[in-house]
Amino acid sequence: MRLALDEARRALEHDDVPVGALAVRDGQVIGVGRNRREADQDPTAHAEMIAIRQAAAHIGHWRLEGVTLYCTLEPCTMCAGAMILARLPRLVIATRDPKAGMGGSVLDLLDHPQLNHRVEVAQMDGPLAEEAAQLLKDFFASLRAQGQK
């Protein structure tokens with residue numbers, strides 16, 4: 001998760017929401033992402049989507065069997081949908097998203113009984129979880145102070 005937090009901080013360099021993600025298989029990092037919506041002007045350029053794409057390219061297949069995705073924030077609808085479609089077995093999140101989280105905060109899309117795949121979700125606690133939450137709080141407080149969203 002430390003590496004995912006480093007990626008989240010790198011998103012700040014281009015004024016993106018500080019979210020980072022890492023795809024790991026057999027102890028090896030096979031995908032790394034950070035939010036790039038502002039940098040790329042692409043609404044799909046979320047950290048999770050980037051890490052998922054890199055992992056699939058590394059494996060050479062769209063099914064992410066044996067992959068664990070580490071993410072600093074609970075996924076949105078788009079990212080949760082991509083995780084289901086990729087058959088991701090496991091997701092580890094640092095902090096919840098009470099406004100858009102699809103891993104149990106707003107809805108539990110990742111464990112929906114009518115879908116053909118379920119993603120196991122684990123939430124961290126401790127210093128890294130607190131650090132991820134604080135990074136987001138500071139980012140949005142800064143935007144509000146500047147009169148932005």
# chains A, B, ... in the order shown; residues from 1 in each chain; ligands from 1
call {"tool": "select_by_dssp", "arguments": {"residues": "chain A", "states": "strand (DSSP E or B)", "output": "PyMOL selection string"}}
result
chain A and resi 20-25+28-34+67-71+90-93+103+108+120-123
call {"tool": "closest_atom_pairs", "arguments": {"of": "region 51-135 of chain A", "to": "region 15-36 of chain A", "cutoff": "7 Å", "atoms": "only C-alpha atoms", "output": "Markdown table"}}
result
| residue | atom | partner | partner_atom | distance |
| --- | --- | --- | --- | --- |
| A:Ala51 | CA | A:Gly31 | CA | 4.4 |
| A:Ile52 | CA | A:Gly31 | CA | 6.5 |
| A:Gln54 | CA | A:Gly31 | CA | 4.7 |
| A:Ala55 | CA | A:Gly31 | CA | 4.6 |
| A:His58 | CA | A:Ile30 | CA | 6.2 |
| A:Gly66 | CA | A:Arg25 | CA | 5.9 |
| A:Val67 | CA | A:Arg25 | CA | 4.7 |
| A:Thr68 | CA | A:Val24 | CA | 5.3 |
| A:Leu69 | CA | A:Ala23 | CA | 4.4 |
| A:Tyr70 | CA | A:Leu22 | CA | 5.1 |
| A:Cys71 | CA | A:Ala21 | CA | 4.3 |
| A:Thr72 | CA | A:Gly20 | CA | 5.6 |
| A:Leu73 | CA | A:Val19 | CA | 6.4 |
| A:Leu135 | CA | A:Pro18 | CA | 6.9 |
call {"tool": "select_by_dssp", "arguments": {"residues": "chain A", "states": "helix (DSSP H, G or I)", "output": "JSON, numbers by chain"}}
result
{"A": [2, 3, 4, 5, 6, 7, 8, 9, 10, 11, 12, 13, 14, 37, 38, 39, 40, 47, 48, 49, 50, 51, 52, 53, 54, 55, 56, 57, 58, 59, 77, 78, 79, 80, 81, 82, 83, 84, 85, 109, 110, 111, 127, 128, 129, 130, 131, 132, 133, 134, 135, 136, 137, 138, 139, 140, 141, 142, 143, 144, 145]}
call {"tool": "atom_distance", "arguments": {"atom1": "CA of Pro98 (chain A)", "atom2": "CA of Ala86 (chain A)"}}
result
24.3 Å
call {"tool": "residues_around", "arguments": {"residues": "Lys137 (chain A)", "least_positions_apart": "2", "cutoff": "12 Å", "atoms": "only C-alpha atoms", "output": "PyMOL selection string"}}
result
chain A and resi 17-19+73+95+97+130-135+139-144
call {"tool": "atom_distance", "arguments": {"atom1": "CA of Trp62 (chain A)", "atom2": "CA of Val119 (chain A)"}}
result
15.4 Å
call {"tool": "residues_around", "arguments": {"residues": "Asp111 (chain A)", "least_positions_apart": "3", "cutoff": "12 Å", "atoms": "only C-alpha atoms", "output": "VMD selection string"}}
result
chain A and resid 80 to 81 83 to 84 88 to 91 102 to 105 107 to 108 114 to 121
call {"tool": "atom_distance", "arguments": {"atom1": "CA of Met1 (chain A)", "atom2": "CA of Ala94 (chain A)"}}
result
7.6 Å
call {"tool": "decode", "arguments": {"residues": "region 63-77 of chain A", "atoms": "N, CA and C atoms", "output": "mmCIF file, in the first residue's frame"}}
result
data_model
loop_
_atom_site.group_PDB
_atom_site.id
_atom_site.type_symbol
_atom_site.label_atom_id
_atom_site.label_comp_id
_atom_site.auth_asym_id
_atom_site.auth_seq_id
_atom_site.Cartn_x
_atom_site.Cartn_y
_atom_site.Cartn_z
ATOM 1 N N ARG A 63 -8.540 -11.756 -18.054
ATOM 2 C CA ARG A 63 -8.877 -12.303 -16.732
ATOM 3 C C ARG A 63 -7.688 -12.122 -15.794
ATOM 4 N N LEU A 64 -7.924 -11.413 -14.715
ATOM 5 C CA LEU A 64 -6.832 -11.115 -13.783
ATOM 6 C C LEU A 64 -6.756 -12.158 -12.666
ATOM 7 N N GLU A 65 -6.671 -13.404 -13.060
ATOM 8 C CA GLU A 65 -6.596 -14.493 -12.092
ATOM 9 C C GLU A 65 -5.328 -14.373 -11.259
ATOM 10 N N GLY A 66 -5.478 -14.530 -9.948
ATOM 11 C CA GLY A 66 -4.333 -14.488 -9.053
ATOM 12 C C GLY A 66 -3.827 -13.095 -8.731
ATOM 13 N N VAL A 67 -4.546 -12.067 -9.156
ATOM 14 C CA VAL A 67 -4.113 -10.688 -8.950
ATOM 15 C C VAL A 67 -4.827 -10.084 -7.743
ATOM 16 N N THR A 68 -4.077 -9.349 -6.945
ATOM 17 C CA THR A 68 -4.654 -8.532 -5.881
ATOM 18 C C THR A 68 -4.412 -7.081 -6.263
ATOM 19 N N LEU A 69 -5.459 -6.276 -6.191
ATOM 20 C CA LEU A 69 -5.338 -4.851 -6.463
ATOM 21 C C LEU A 69 -5.339 -4.107 -5.134
ATOM 22 N N TYR A 70 -4.321 -3.289 -4.933
ATOM 23 C CA TYR A 70 -4.223 -2.437 -3.745
ATOM 24 C C TYR A 70 -4.570 -1.033 -4.181
ATOM 25 N N CYS A 71 -5.525 -0.423 -3.504
ATOM 26 C CA CYS A 71 -5.963 0.915 -3.889
ATOM 27 C C CYS A 71 -6.140 1.777 -2.655
ATOM 28 N N THR A 72 -5.791 3.041 -2.788
ATOM 29 C CA THR A 72 -5.865 3.945 -1.650
ATOM 30 C C THR A 72 -7.287 4.375 -1.328
ATOM 31 N N LEU A 73 -8.232 4.150 -2.252
ATOM 32 C CA LEU A 73 -9.619 4.556 -2.048
ATOM 33 C C LEU A 73 -10.559 3.490 -2.590
ATOM 34 N N GLU A 74 -11.655 3.286 -1.913
ATOM 35 C CA GLU A 74 -12.712 2.376 -2.364
ATOM 36 C C GLU A 74 -13.130 2.770 -3.785
ATOM 37 N N PRO A 75 -13.347 1.803 -4.669
ATOM 38 C CA PRO A 75 -13.615 2.127 -6.071
ATOM 39 C C PRO A 75 -15.003 2.706 -6.334
ATOM 40 N N CYS A 76 -15.061 3.476 -7.419
ATOM 41 C CA CYS A 76 -16.319 4.019 -7.926
ATOM 42 C C CYS A 76 -17.032 2.935 -8.736
ATOM 43 N N THR A 77 -18.174 3.276 -9.290
ATOM 44 C CA THR A 77 -18.963 2.336 -10.089
ATOM 45 C C THR A 77 -18.181 1.809 -11.284
#
